[in-house]
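Structure first, commentary second.
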Amino acid sequence: REHRVRLVVKGGGHSYLGTSNAPDSLLVWTRRMNAIELHDAFVPRGCEGRSEPQPAVTVGAGAIWMHVYQAVTPGAGRYVQGGGCTTVGVAGLIQSGGFGSFSKRYGLAAASLLEAEIVTADGVARTVNACSDPELFWALKGGGGGSFGVVTRLTLKTHQLPPFFGIETGIGAGRIEQCHDRPVKLARQFHRAQRLAIALGLGHAEVAADLRLR
């Protein structure tokens, strides 16, 4: 304040508005704070007896979604709602609301926030959740990255994987019917087969083995 130097917080550096960078500023870069810890039965601090234990993941503010997805889904067989771009920083997305590829099913990424650790402007490190400092906790769920302090760690609830889960990506070269029409046809066939499998109680492999483009 005395020297009128802007303070900027940077995690993954994916801010479309450029708020994670600024000229002539003091930059707090949290990239090395990237530890990931899985929990089978997490209860936010101060919520004992008021909140049911639930599976969760605690993530350092500098982690990116790629590493969190790898830890939660292959590592624990669960899903955590995050961003569609895997190099986006976790803390920035959570504090900005966080619409992702599966938000229609799981909601915004911020809706999964159970607890946060934050250093506020008075220099105090605080642990906030629905039971402790609930107003600041609420503000972090979409109020914008760095608006209320420097977030150092987040704990997010994880979700059970649905029967069918995944993303198809690729690069095609050739005629339009090869690059677009045939993959769309395959996706539609898979969707119909998925609905049939659920109705009949079949497994994914049984349906996939019979799925062919015609």
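By convention here, the chains of the structure tokens are called A, B, ... in the order presented, each chain's residues are numbered starting at 1, and ligands are numbered starting at 1 in the order presented.
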Can you list, as a tab-separated table (two decimals) with all heavy atoms, in the first residue's frame, all residues belonging to segment 15-212 of chain A that DSSP tags as helix (DSSP H, G or I)?
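See selection-v1.tsv below for the written result:
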```tsv
chain	number	residue	atom	x	y	z
A	65	TRP	N	-5.63	-29.32	-12.83
A	65	TRP	CA	-6.68	-30.35	-12.84
A	65	TRP	C	-6.19	-31.68	-13.38
A	65	TRP	O	-6.67	-32.74	-12.97
A	65	TRP	CB	-7.88	-29.86	-13.63
A	65	TRP	CG	-8.67	-28.85	-12.86
A	65	TRP	CD1	-8.73	-27.51	-13.07
A	65	TRP	CD2	-9.47	-29.12	-11.70
A	65	TRP	NE1	-9.52	-26.92	-12.12
A	65	TRP	CE2	-9.99	-27.87	-11.27
A	65	TRP	CE3	-9.79	-30.26	-10.99
A	65	TRP	CZ2	-10.83	-27.76	-10.16
A	65	TRP	CZ3	-10.62	-30.16	-9.89
A	65	TRP	CH2	-11.13	-28.92	-9.49
A	66	MET	N	-5.24	-31.66	-14.30
A	66	MET	CA	-4.72	-32.92	-14.85
A	66	MET	C	-4.23	-33.84	-13.74
A	66	MET	O	-4.55	-35.04	-13.70
A	66	MET	CB	-3.58	-32.64	-15.84
A	66	MET	CG	-2.92	-33.87	-16.42
A	66	MET	SD	-1.42	-33.46	-17.37
A	66	MET	CE	-2.07	-32.32	-18.58
A	67	HIS	N	-3.47	-33.30	-12.82
A	67	HIS	CA	-2.91	-34.11	-11.75
A	67	HIS	C	-3.97	-34.52	-10.73
A	67	HIS	O	-3.90	-35.62	-10.16
A	67	HIS	CB	-1.78	-33.34	-11.07
A	67	HIS	CG	-0.66	-32.99	-11.99
A	67	HIS	ND1	0.09	-31.84	-11.88
A	67	HIS	CD2	-0.18	-33.65	-13.10
A	67	HIS	CE1	1.00	-31.81	-12.84
A	67	HIS	NE2	0.85	-32.88	-13.59
A	68	VAL	N	-4.94	-33.66	-10.51
A	68	VAL	CA	-6.02	-34.01	-9.58
A	68	VAL	C	-6.89	-35.12	-10.16
A	68	VAL	O	-7.24	-36.07	-9.46
A	68	VAL	CB	-6.87	-32.76	-9.26
A	68	VAL	CG1	-8.00	-33.12	-8.29
A	68	VAL	CG2	-6.01	-31.66	-8.66
A	69	TYR	N	-7.22	-35.03	-11.44
A	69	TYR	CA	-7.99	-36.09	-12.09
A	69	TYR	C	-7.26	-37.42	-12.02
A	69	TYR	O	-7.86	-38.46	-11.76
A	69	TYR	CB	-8.26	-35.73	-13.55
A	69	TYR	CG	-9.24	-34.60	-13.78
A	69	TYR	CD1	-9.12	-33.76	-14.87
A	69	TYR	CD2	-10.30	-34.39	-12.90
A	69	TYR	CE1	-10.02	-32.73	-15.09
A	69	TYR	CE2	-11.20	-33.37	-13.11
A	69	TYR	CZ	-11.06	-32.53	-14.20
A	69	TYR	OH	-11.95	-31.51	-14.42
A	70	GLN	N	-5.95	-37.40	-12.26
A	70	GLN	CA	-5.17	-38.64	-12.22
A	70	GLN	C	-5.17	-39.26	-10.83
A	70	GLN	O	-5.23	-40.48	-10.68
A	70	GLN	CB	-3.73	-38.36	-12.67
A	70	GLN	CG	-3.60	-38.07	-14.15
A	70	GLN	CD	-2.20	-37.63	-14.54
A	70	GLN	OE1	-1.40	-37.25	-13.68
A	70	GLN	NE2	-1.90	-37.66	-15.83
A	71	ALA	N	-5.13	-38.43	-9.81
A	71	ALA	CA	-5.12	-38.94	-8.44
A	71	ALA	C	-6.48	-39.47	-8.03
A	71	ALA	O	-6.58	-40.50	-7.34
A	71	ALA	CB	-4.68	-37.83	-7.48
A	72	VAL	N	-7.55	-38.81	-8.46
A	72	VAL	CA	-8.88	-39.15	-7.98
A	72	VAL	C	-9.53	-40.28	-8.78
A	72	VAL	O	-10.10	-41.21	-8.20
A	72	VAL	CB	-9.80	-37.91	-8.00
A	72	VAL	CG1	-11.24	-38.28	-7.66
A	72	VAL	CG2	-9.28	-36.87	-7.01
A	73	THR	N	-9.44	-40.24	-10.10
A	73	THR	CA	-10.17	-41.24	-10.89
A	73	THR	C	-9.38	-42.55	-11.04
A	73	THR	O	-9.83	-43.58	-10.54
A	73	THR	CB	-10.56	-40.67	-12.26
A	73	THR	OG1	-11.38	-39.50	-12.05
A	73	THR	CG2	-11.38	-41.69	-13.05
A	74	PRO	N	-8.20	-42.59	-11.66
A	74	PRO	CA	-7.46	-43.85	-11.68
A	74	PRO	C	-7.00	-44.28	-10.28
A	74	PRO	O	-6.94	-45.46	-9.96
A	74	PRO	CB	-6.26	-43.55	-12.58
A	74	PRO	CG	-6.62	-42.34	-13.34
A	74	PRO	CD	-7.50	-41.54	-12.42
A	75	GLY	N	-6.69	-43.30	-9.43
A	75	GLY	CA	-6.15	-43.62	-8.12
A	75	GLY	C	-7.17	-44.07	-7.10
A	75	GLY	O	-6.88	-44.93	-6.26
A	76	ALA	N	-8.38	-43.49	-7.16
A	76	ALA	CA	-9.38	-43.80	-6.14
A	76	ALA	C	-10.71	-44.27	-6.73
A	76	ALA	O	-11.63	-44.59	-5.98
A	76	ALA	CB	-9.62	-42.58	-5.25
A	90	VAL	N	-6.39	-25.33	-10.15
A	90	VAL	CA	-7.56	-25.70	-9.34
A	90	VAL	C	-8.12	-24.51	-8.59
A	90	VAL	O	-9.32	-24.23	-8.63
A	90	VAL	CB	-7.18	-26.83	-8.35
A	90	VAL	CG1	-8.33	-27.10	-7.39
A	90	VAL	CG2	-6.82	-28.09	-9.12
A	91	ALA	N	-7.27	-23.76	-7.90
A	91	ALA	CA	-7.75	-22.69	-7.02
A	91	ALA	C	-8.48	-21.59	-7.80
A	91	ALA	O	-9.53	-21.10	-7.37
A	91	ALA	CB	-6.59	-22.10	-6.24
A	92	GLY	N	-7.93	-21.20	-8.94
A	92	GLY	CA	-8.56	-20.14	-9.72
A	92	GLY	C	-9.92	-20.55	-10.25
A	92	GLY	O	-10.87	-19.74	-10.25
A	93	LEU	N	-10.03	-21.80	-10.70
A	93	LEU	CA	-11.32	-22.26	-11.24
A	93	LEU	C	-12.38	-22.32	-10.15
A	93	LEU	O	-13.51	-21.88	-10.33
A	93	LEU	CB	-11.16	-23.64	-11.88
A	93	LEU	CG	-12.43	-24.14	-12.58
A	93	LEU	CD1	-12.56	-23.50	-13.95
A	93	LEU	CD2	-12.46	-25.64	-12.70
A	94	ILE	N	-12.02	-22.86	-8.99
A	94	ILE	CA	-12.97	-22.96	-7.89
A	94	ILE	C	-13.46	-21.57	-7.48
A	94	ILE	O	-14.66	-21.34	-7.30
A	94	ILE	CB	-12.32	-23.66	-6.68
A	94	ILE	CG1	-11.98	-25.12	-7.00
A	94	ILE	CG2	-13.24	-23.58	-5.45
A	94	ILE	CD1	-13.18	-26.00	-7.22
A	95	GLN	N	-12.54	-20.62	-7.35
A	95	GLN	CA	-12.91	-19.29	-6.90
A	95	GLN	C	-13.68	-18.50	-7.96
A	95	GLN	O	-14.26	-17.46	-7.65
A	95	GLN	CB	-11.66	-18.51	-6.50
A	95	GLN	CG	-10.98	-19.07	-5.26
A	95	GLN	CD	-9.70	-18.33	-4.95
A	95	GLN	OE1	-9.71	-17.26	-4.35
A	95	GLN	NE2	-8.58	-18.90	-5.37
A	103	SER	N	-20.47	-30.62	-15.69
A	103	SER	CA	-21.24	-29.78	-14.76
A	103	SER	C	-22.74	-30.03	-14.83
A	103	SER	O	-23.45	-29.78	-13.86
A	103	SER	CB	-20.95	-28.30	-15.02
A	103	SER	OG	-19.69	-27.93	-14.51
A	104	LYS	N	-23.24	-30.51	-15.97
A	104	LYS	CA	-24.67	-30.80	-16.04
A	104	LYS	C	-25.07	-31.91	-15.07
A	104	LYS	O	-26.21	-31.97	-14.62
A	104	LYS	CB	-25.06	-31.20	-17.47
A	104	LYS	CG	-25.06	-30.03	-18.44
A	104	LYS	CD	-25.59	-30.44	-19.80
A	104	LYS	CE	-25.66	-29.25	-20.74
A	104	LYS	NZ	-26.20	-29.63	-22.07
A	105	ARG	N	-24.12	-32.76	-14.74
A	105	ARG	CA	-24.40	-33.85	-13.80
A	105	ARG	C	-23.98	-33.51	-12.37
A	105	ARG	O	-24.68	-33.81	-11.42
A	105	ARG	CB	-23.69	-35.14	-14.25
A	105	ARG	CG	-23.98	-36.34	-13.34
A	105	ARG	CD	-23.22	-37.58	-13.79
A	105	ARG	NE	-23.54	-38.72	-12.96
A	105	ARG	CZ	-24.39	-39.68	-13.30
A	105	ARG	NH1	-25.02	-39.62	-14.46
A	105	ARG	NH2	-24.62	-40.69	-12.49
A	106	TYR	N	-22.81	-32.86	-12.23
A	106	TYR	CA	-22.23	-32.66	-10.90
A	106	TYR	C	-22.27	-31.21	-10.41
A	106	TYR	O	-21.87	-30.94	-9.30
A	106	TYR	CB	-20.77	-33.15	-10.89
A	106	TYR	CG	-20.63	-34.62	-11.20
A	106	TYR	CD1	-20.10	-35.06	-12.40
A	106	TYR	CD2	-21.03	-35.58	-10.27
A	106	TYR	CE1	-19.96	-36.41	-12.68
A	106	TYR	CE2	-20.89	-36.94	-10.54
A	106	TYR	CZ	-20.36	-37.34	-11.74
A	106	TYR	OH	-20.22	-38.68	-12.02
A	109	ALA	N	-17.81	-26.53	-10.15
A	109	ALA	CA	-16.71	-27.02	-9.33
A	109	ALA	C	-16.77	-26.42	-7.92
A	109	ALA	O	-16.47	-27.09	-6.94
A	109	ALA	CB	-15.37	-26.68	-9.99
A	110	ALA	N	-17.19	-25.16	-7.82
A	110	ALA	CA	-17.26	-24.50	-6.52
A	110	ALA	C	-18.27	-25.16	-5.60
A	110	ALA	O	-18.15	-25.08	-4.37
A	110	ALA	CB	-17.61	-23.03	-6.70
A	111	ALA	N	-19.27	-25.84	-6.17
A	111	ALA	CA	-20.29	-26.51	-5.35
A	111	ALA	C	-19.71	-27.69	-4.57
A	111	ALA	O	-20.31	-28.14	-3.59
A	111	ALA	CB	-21.45	-26.97	-6.22
A	112	SER	N	-18.55	-28.18	-5.00
A	112	SER	CA	-17.91	-29.32	-4.33
A	112	SER	C	-16.94	-28.88	-3.23
A	112	SER	O	-16.36	-29.72	-2.56
A	112	SER	CB	-17.16	-30.19	-5.35
A	112	SER	OG	-18.05	-30.78	-6.27
A	134	PRO	N	-18.39	-18.92	7.76
A	134	PRO	CA	-19.19	-19.34	6.60
A	134	PRO	C	-19.36	-18.27	5.53
A	134	PRO	O	-19.51	-18.61	4.36
A	134	PRO	CB	-20.53	-19.73	7.22
A	134	PRO	CG	-20.59	-19.00	8.52
A	134	PRO	CD	-19.17	-18.94	9.01
A	135	GLU	N	-19.34	-16.99	5.92
A	135	GLU	CA	-19.52	-15.94	4.91
A	135	GLU	C	-18.31	-15.86	3.98
A	135	GLU	O	-18.46	-15.71	2.76
A	135	GLU	CB	-19.78	-14.59	5.58
A	135	GLU	CG	-21.13	-14.53	6.29
A	135	GLU	CD	-21.44	-13.14	6.79
A	135	GLU	OE1	-20.60	-12.24	6.63
A	135	GLU	OE2	-22.55	-12.95	7.33
A	136	LEU	N	-17.11	-15.94	4.55
A	136	LEU	CA	-15.91	-15.95	3.70
A	136	LEU	C	-15.87	-17.22	2.87
A	136	LEU	O	-15.50	-17.19	1.69
A	136	LEU	CB	-14.66	-15.84	4.58
A	136	LEU	CG	-13.32	-15.89	3.84
A	136	LEU	CD1	-13.23	-14.82	2.76
A	136	LEU	CD2	-12.16	-15.74	4.83
A	137	PHE	N	-16.26	-18.34	3.45
A	137	PHE	CA	-16.32	-19.61	2.71
A	137	PHE	C	-17.26	-19.48	1.51
A	137	PHE	O	-16.94	-19.90	0.40
A	137	PHE	CB	-16.79	-20.71	3.65
A	137	PHE	CG	-17.00	-22.05	2.99
A	137	PHE	CD1	-15.93	-22.75	2.47
A	137	PHE	CD2	-18.27	-22.60	2.91
A	137	PHE	CE1	-16.12	-23.99	1.87
A	137	PHE	CE2	-18.47	-23.83	2.31
A	137	PHE	CZ	-17.39	-24.52	1.79
A	138	TRP	N	-18.42	-18.88	1.74
A	138	TRP	CA	-19.39	-18.69	0.65
A	138	TRP	C	-18.81	-17.79	-0.43
A	138	TRP	O	-18.98	-18.03	-1.63
A	138	TRP	CB	-20.68	-18.09	1.22
A	138	TRP	CG	-21.74	-17.86	0.20
A	138	TRP	CD1	-22.67	-18.75	-0.27
A	138	TRP	CD2	-21.99	-16.64	-0.51
A	138	TRP	NE1	-23.47	-18.16	-1.21
A	138	TRP	CE2	-23.08	-16.87	-1.38
A	138	TRP	CE3	-21.42	-15.37	-0.48
A	138	TRP	CZ2	-23.60	-15.88	-2.21
A	138	TRP	CZ3	-21.92	-14.39	-1.32
A	138	TRP	CH2	-23.00	-14.65	-2.17
A	139	ALA	N	-18.11	-16.72	-0.02
A	139	ALA	CA	-17.55	-15.77	-0.99
A	139	ALA	C	-16.50	-16.42	-1.88
A	139	ALA	O	-16.34	-16.03	-3.05
A	139	ALA	CB	-16.95	-14.58	-0.25
A	140	LEU	N	-15.77	-17.40	-1.35
A	140	LEU	CA	-14.73	-18.06	-2.14
A	140	LEU	C	-15.32	-18.93	-3.25
A	140	LEU	O	-14.62	-19.27	-4.20
A	140	LEU	CB	-13.86	-18.93	-1.23
A	140	LEU	CG	-12.97	-18.20	-0.22
A	140	LEU	CD1	-12.20	-19.20	0.62
A	140	LEU	CD2	-12.02	-17.24	-0.91
A	176	ILE	N	-14.98	-34.74	-45.22
A	176	ILE	CA	-15.84	-34.31	-44.13
A	176	ILE	C	-16.60	-35.47	-43.51
A	176	ILE	O	-16.78	-35.55	-42.30
A	176	ILE	CB	-16.83	-33.21	-44.62
A	176	ILE	CG1	-17.67	-32.69	-43.46
A	176	ILE	CG2	-17.73	-33.75	-45.72
A	176	ILE	CD1	-16.89	-32.00	-42.39
A	177	GLU	N	-17.01	-36.45	-44.34
A	177	GLU	CA	-17.75	-37.58	-43.80
A	177	GLU	C	-16.87	-38.47	-42.94
A	177	GLU	O	-17.35	-39.18	-42.06
A	177	GLU	CB	-18.42	-38.38	-44.91
A	177	GLU	CG	-17.47	-39.00	-45.92
A	177	GLU	CD	-17.24	-38.09	-47.11
A	177	GLU	OE1	-17.51	-36.88	-46.99
A	177	GLU	OE2	-16.82	-38.60	-48.16
A	178	GLN	N	-15.56	-38.45	-43.18
A	178	GLN	CA	-14.64	-39.23	-42.36
A	178	GLN	C	-14.33	-38.53	-41.05
A	178	GLN	O	-14.24	-39.16	-40.00
A	178	GLN	CB	-13.34	-39.49	-43.13
A	178	GLN	CG	-13.52	-40.36	-44.37
A	178	GLN	CD	-12.25	-40.44	-45.17
A	178	GLN	OE1	-11.56	-39.44	-45.37
A	178	GLN	NE2	-11.92	-41.64	-45.65
A	179	CYS	N	-14.15	-37.20	-41.10
A	179	CYS	CA	-13.72	-36.44	-39.92
A	179	CYS	C	-14.88	-36.04	-39.02
A	179	CYS	O	-14.67	-35.79	-37.84
A	179	CYS	CB	-12.98	-35.18	-40.35
A	179	CYS	SG	-11.46	-35.52	-41.25
A	180	HIS	N	-16.08	-35.98	-39.56
A	180	HIS	CA	-17.20	-35.50	-38.74
A	180	HIS	C	-18.36	-36.50	-38.70
A	180	HIS	O	-18.78	-36.94	-37.65
A	180	HIS	CB	-17.70	-34.15	-39.26
A	180	HIS	CG	-18.89	-33.63	-38.52
A	180	HIS	ND1	-20.18	-33.88	-38.95
A	180	HIS	CD2	-18.98	-32.92	-37.36
A	180	HIS	CE1	-21.03	-33.33	-38.09
A	180	HIS	NE2	-20.34	-32.73	-37.13
A	181	ASP	N	-18.86	-36.86	-39.90
A	181	ASP	CA	-20.09	-37.65	-39.95
A	181	ASP	C	-19.94	-39.01	-39.28
A	181	ASP	O	-20.81	-39.43	-38.51
A	181	ASP	CB	-20.55	-37.83	-41.40
A	181	ASP	CG	-20.92	-36.50	-42.05
A	181	ASP	OD1	-20.98	-35.50	-41.31
A	181	ASP	OD2	-21.13	-36.47	-43.28
A	182	ARG	N	-18.86	-39.72	-39.56
A	182	ARG	CA	-18.70	-41.06	-38.99
A	182	ARG	C	-18.49	-41.03	-37.48
A	182	ARG	O	-19.10	-41.84	-36.77
A	182	ARG	CB	-17.55	-41.79	-39.71
A	182	ARG	CG	-17.90	-42.20	-41.14
A	182	ARG	CD	-16.70	-42.77	-41.87
A	182	ARG	NE	-16.22	-44.00	-41.29
A	182	ARG	CZ	-16.74	-45.20	-41.54
A	182	ARG	NH1	-17.77	-45.32	-42.38
A	182	ARG	NH2	-16.25	-46.28	-40.98
A	183	PRO	N	-17.65	-40.14	-36.94
A	183	PRO	CA	-17.55	-40.08	-35.47
A	183	PRO	C	-18.88	-39.71	-34.80
A	183	PRO	O	-19.20	-40.24	-33.72
A	183	PRO	CB	-16.49	-38.99	-35.23
A	183	PRO	CG	-15.66	-39.02	-36.46
A	183	PRO	CD	-16.61	-39.31	-37.57
A	184	VAL	N	-19.64	-38.81	-35.42
A	184	VAL	CA	-20.95	-38.45	-34.86
A	184	VAL	C	-21.87	-39.65	-34.87
A	184	VAL	O	-22.60	-39.92	-33.91
A	184	VAL	CB	-21.57	-37.27	-35.63
A	184	VAL	CG1	-23.03	-37.08	-35.24
A	184	VAL	CG2	-20.78	-36.00	-35.35
A	185	LYS	N	-21.84	-40.42	-35.96
A	185	LYS	CA	-22.67	-41.62	-36.05
A	185	LYS	C	-22.28	-42.63	-34.97
A	185	LYS	O	-23.13	-43.25	-34.33
A	185	LYS	CB	-22.52	-42.24	-37.45
A	185	LYS	CG	-23.43	-43.45	-37.67
A	185	LYS	CD	-23.28	-43.96	-39.10
A	185	LYS	CE	-24.20	-45.14	-39.34
A	185	LYS	NZ	-24.05	-45.66	-40.73
A	186	LEU	N	-20.97	-42.78	-34.75
A	186	LEU	CA	-20.50	-43.71	-33.72
A	186	LEU	C	-20.95	-43.25	-32.33
A	186	LEU	O	-21.37	-44.06	-31.51
A	186	LEU	CB	-18.98	-43.80	-33.77
A	186	LEU	CG	-18.31	-44.69	-32.70
A	186	LEU	CD1	-18.82	-46.12	-32.81
A	186	LEU	CD2	-16.81	-44.65	-32.83
A	187	ALA	N	-20.87	-41.94	-32.08
A	187	ALA	CA	-21.29	-41.41	-30.78
A	187	ALA	C	-22.77	-41.65	-30.54
A	187	ALA	O	-23.19	-42.01	-29.43
A	187	ALA	CB	-20.96	-39.92	-30.69
A	188	ARG	N	-23.57	-41.48	-31.58
A	188	ARG	CA	-25.01	-41.72	-31.44
A	188	ARG	C	-25.30	-43.20	-31.19
A	188	ARG	O	-26.16	-43.54	-30.37
A	188	ARG	CB	-25.74	-41.25	-32.70
A	188	ARG	CG	-25.80	-39.73	-32.83
A	188	ARG	CD	-26.39	-39.31	-34.15
A	188	ARG	NE	-26.55	-37.86	-34.22
A	188	ARG	CZ	-26.85	-37.20	-35.34
A	188	ARG	NH1	-27.02	-37.87	-36.48
A	188	ARG	NH2	-26.97	-35.89	-35.32
A	189	GLN	N	-24.58	-44.07	-31.88
A	189	GLN	CA	-24.75	-45.50	-31.66
A	189	GLN	C	-24.37	-45.88	-30.23
A	189	GLN	O	-25.04	-46.68	-29.58
A	189	GLN	CB	-23.91	-46.30	-32.66
A	189	GLN	CG	-24.49	-46.34	-34.06
A	189	GLN	CD	-23.72	-47.29	-34.96
A	189	GLN	OE1	-22.52	-47.51	-34.76
A	189	GLN	NE2	-24.38	-47.84	-35.95
A	190	PHE	N	-23.27	-45.29	-29.75
A	190	PHE	CA	-22.84	-45.59	-28.39
A	190	PHE	C	-23.87	-45.12	-27.38
A	190	PHE	O	-24.15	-45.80	-26.40
A	190	PHE	CB	-21.48	-44.94	-28.11
A	190	PHE	CG	-20.98	-45.19	-26.72
A	190	PHE	CD1	-20.37	-46.40	-26.40
A	190	PHE	CD2	-21.13	-44.25	-25.72
A	190	PHE	CE1	-19.91	-46.65	-25.13
A	190	PHE	CE2	-20.68	-44.49	-24.43
A	190	PHE	CZ	-20.07	-45.70	-24.14
A	191	HIS	N	-24.45	-43.94	-27.62
A	191	HIS	CA	-25.46	-43.41	-26.69
A	191	HIS	C	-26.67	-44.33	-26.64
A	191	HIS	O	-27.18	-44.65	-25.56
A	191	HIS	CB	-25.88	-42.01	-27.14
A	191	HIS	CG	-26.95	-41.40	-26.28
A	191	HIS	ND1	-26.72	-41.04	-24.98
A	191	HIS	CD2	-28.25	-41.12	-26.55
A	191	HIS	CE1	-27.83	-40.54	-24.47
A	191	HIS	NE2	-28.76	-40.57	-25.40
A	192	ARG	N	-27.11	-44.82	-27.81
A	192	ARG	CA	-28.25	-45.74	-27.83
A	192	ARG	C	-27.89	-47.05	-27.13
A	192	ARG	O	-28.70	-47.61	-26.38
A	192	ARG	CB	-28.68	-46.00	-29.28
A	192	ARG	CG	-29.38	-44.83	-29.95
A	192	ARG	CD	-30.09	-45.26	-31.23
A	192	ARG	NE	-29.13	-45.71	-32.23
A	192	ARG	CZ	-28.61	-44.92	-33.16
A	192	ARG	NH1	-28.93	-43.63	-33.18
A	192	ARG	NH2	-27.77	-45.38	-34.06
A	193	ALA	N	-26.66	-47.53	-27.38
A	193	ALA	CA	-26.24	-48.78	-26.75
A	193	ALA	C	-26.12	-48.61	-25.23
A	193	ALA	O	-26.44	-49.52	-24.46
A	193	ALA	CB	-24.89	-49.22	-27.33
A	194	GLN	N	-25.68	-47.43	-24.80
A	194	GLN	CA	-25.56	-47.16	-23.37
A	194	GLN	C	-26.93	-47.21	-22.70
A	194	GLN	O	-27.09	-47.82	-21.63
A	194	GLN	CB	-24.92	-45.79	-23.16
A	194	GLN	CG	-24.88	-45.33	-21.71
A	194	GLN	CD	-24.31	-43.94	-21.57
A	194	GLN	OE1	-23.59	-43.47	-22.44
A	194	GLN	NE2	-24.62	-43.28	-20.48
A	195	ARG	N	-27.91	-46.58	-23.29
A	195	ARG	CA	-29.26	-46.58	-22.72
A	195	ARG	C	-29.82	-47.99	-22.68
A	195	ARG	O	-30.48	-48.38	-21.71
A	195	ARG	CB	-30.16	-45.66	-23.54
A	195	ARG	CG	-29.78	-44.19	-23.46
A	195	ARG	CD	-30.63	-43.32	-24.33
A	195	ARG	NE	-32.04	-43.39	-23.95
A	195	ARG	CZ	-33.02	-42.80	-24.63
A	195	ARG	NH1	-32.74	-42.11	-25.73
A	195	ARG	NH2	-34.26	-42.88	-24.23
A	196	LEU	N	-29.56	-48.76	-23.73
A	196	LEU	CA	-30.03	-50.14	-23.76
A	196	LEU	C	-29.33	-50.97	-22.68
A	196	LEU	O	-29.96	-51.80	-22.00
A	196	LEU	CB	-29.76	-50.76	-25.14
A	196	LEU	CG	-30.17	-52.23	-25.33
A	196	LEU	CD1	-31.67	-52.39	-25.11
A	196	LEU	CD2	-29.76	-52.73	-26.71
A	197	ALA	N	-28.02	-50.74	-22.50
A	197	ALA	CA	-27.27	-51.50	-21.49
A	197	ALA	C	-27.81	-51.22	-20.09
A	197	ALA	O	-27.94	-52.14	-19.27
A	197	ALA	CB	-25.79	-51.13	-21.56
A	198	ILE	N	-28.13	-49.99	-19.81
A	198	ILE	CA	-28.67	-49.64	-18.50
A	198	ILE	C	-30.03	-50.30	-18.30
A	198	ILE	O	-30.34	-50.83	-17.23
A	198	ILE	CB	-28.77	-48.11	-18.35
A	198	ILE	CG1	-27.37	-47.49	-18.33
A	198	ILE	CG2	-29.54	-47.73	-17.08
A	198	ILE	CD1	-27.36	-45.98	-18.34
A	199	ALA	N	-30.84	-50.30	-19.36
A	199	ALA	CA	-32.18	-50.89	-19.26
A	199	ALA	C	-32.11	-52.40	-19.05
A	199	ALA	O	-32.91	-52.97	-18.31
A	199	ALA	CB	-32.98	-50.57	-20.52
A	200	LEU	N	-31.11	-53.04	-19.66
A	200	LEU	CA	-31.00	-54.49	-19.58
A	200	LEU	C	-30.04	-54.96	-18.49
A	200	LEU	O	-29.91	-56.16	-18.27
A	200	LEU	CB	-30.55	-55.05	-20.94
A	200	LEU	CG	-31.49	-54.80	-22.13
A	200	LEU	CD1	-30.89	-55.38	-23.40
A	200	LEU	CD2	-32.87	-55.39	-21.87
A	204	HIS	N	-20.54	-52.47	-19.69
A	204	HIS	CA	-19.97	-51.65	-20.76
A	204	HIS	C	-19.29	-52.50	-21.82
A	204	HIS	O	-19.46	-52.30	-23.01
A	204	HIS	CB	-18.97	-50.65	-20.16
A	204	HIS	CG	-18.18	-49.89	-21.18
A	204	HIS	ND1	-18.68	-48.78	-21.81
A	204	HIS	CD2	-16.94	-50.09	-21.69
A	204	HIS	CE1	-17.77	-48.31	-22.66
A	204	HIS	NE2	-16.71	-49.09	-22.59
A	205	ALA	N	-18.51	-53.48	-21.41
A	205	ALA	CA	-17.74	-54.29	-22.36
A	205	ALA	C	-18.67	-55.08	-23.27
A	205	ALA	O	-18.39	-55.25	-24.45
A	205	ALA	CB	-16.80	-55.24	-21.60
A	206	GLU	N	-19.80	-55.57	-22.73
A	206	GLU	CA	-20.71	-56.36	-23.55
A	206	GLU	C	-21.33	-55.51	-24.65
A	206	GLU	O	-21.55	-56.00	-25.76
A	206	GLU	CB	-21.81	-56.92	-22.65
A	206	GLU	CG	-21.30	-57.94	-21.64
A	206	GLU	CD	-22.40	-58.35	-20.68
A	206	GLU	OE1	-22.55	-57.69	-19.63
A	206	GLU	OE2	-23.11	-59.33	-20.99
A	207	VAL	N	-21.59	-54.25	-24.35
A	207	VAL	CA	-22.17	-53.37	-25.36
A	207	VAL	C	-21.11	-52.94	-26.36
A	207	VAL	O	-21.32	-52.96	-27.56
A	207	VAL	CB	-22.81	-52.13	-24.68
A	207	VAL	CG1	-23.29	-51.15	-25.74
A	207	VAL	CG2	-23.96	-52.56	-23.80
A	208	ALA	N	-19.94	-52.54	-25.86
A	208	ALA	CA	-18.87	-52.04	-26.73
A	208	ALA	C	-18.43	-53.11	-27.73
A	208	ALA	O	-18.10	-52.79	-28.86
A	208	ALA	CB	-17.69	-51.56	-25.90
```
Write out as a ChimeraX atom specification each polymer residue whose atoms come within 12 Å of segment 30-33 of chain A, counting only C-alpha atoms; drop sequence neighbours fewer than 2 positions from it.
-> /A:8-13,20,27-28,35-36,58-64,87-92,146,150-154
Identify, on the basis of only C-alpha atoms, every residue whose closest approach to Arg1 of chain A does not exceed 12 Å; exclude the query and any residue fewer than 6 positions from it along the same chain; express the result as a list in words.
->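 Once the nearby chain positions are removed, what remains is Leu7, Ser25, Leu26 and Ala121 of chain A.
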Find the residue from A:Gly83, A:Pro23, A:Gly18, A:Pro53 that sits nearest to Gly107 of chain A; use only C-alpha atoms when measuring.
->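 Closest to Gly107 of chain A of all the choices is A:Gly83.
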In Å, with one decimal, what is the gap from atom CA of Ile118 of chain A to atom CA of Gly77 of chain A?
->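 Going from atom CA of Ile118 of chain A over to atom CA of Gly77 of chain A covers 29.0 Å.
For the pair atom CA of Phe42 of chain A and atom CA of Gln81 of chain A, the interatomic distance is 16.9 Å.
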Which parts of chain A does DSSP call strand (DSSP E) when run on the backbone here, written out as a PyMOL selection string?
-> chain A and resi 6-10+25-29+36-42+54-60+78-79+113-119+125-129+150-157+159-160
Of A:Phe148, A:Ser15, A:Thr86, A:Cys131, the one sitting nearest Gly100 of chain A when using only C-alpha atoms is A:Thr86
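Between Ser51 of chain A and the candidates A:Leu156, A:Ala130, A:Arg78, A:His39, the tightest atom-to-atom separation, counting only C-alpha atoms, involves A:Ala130.
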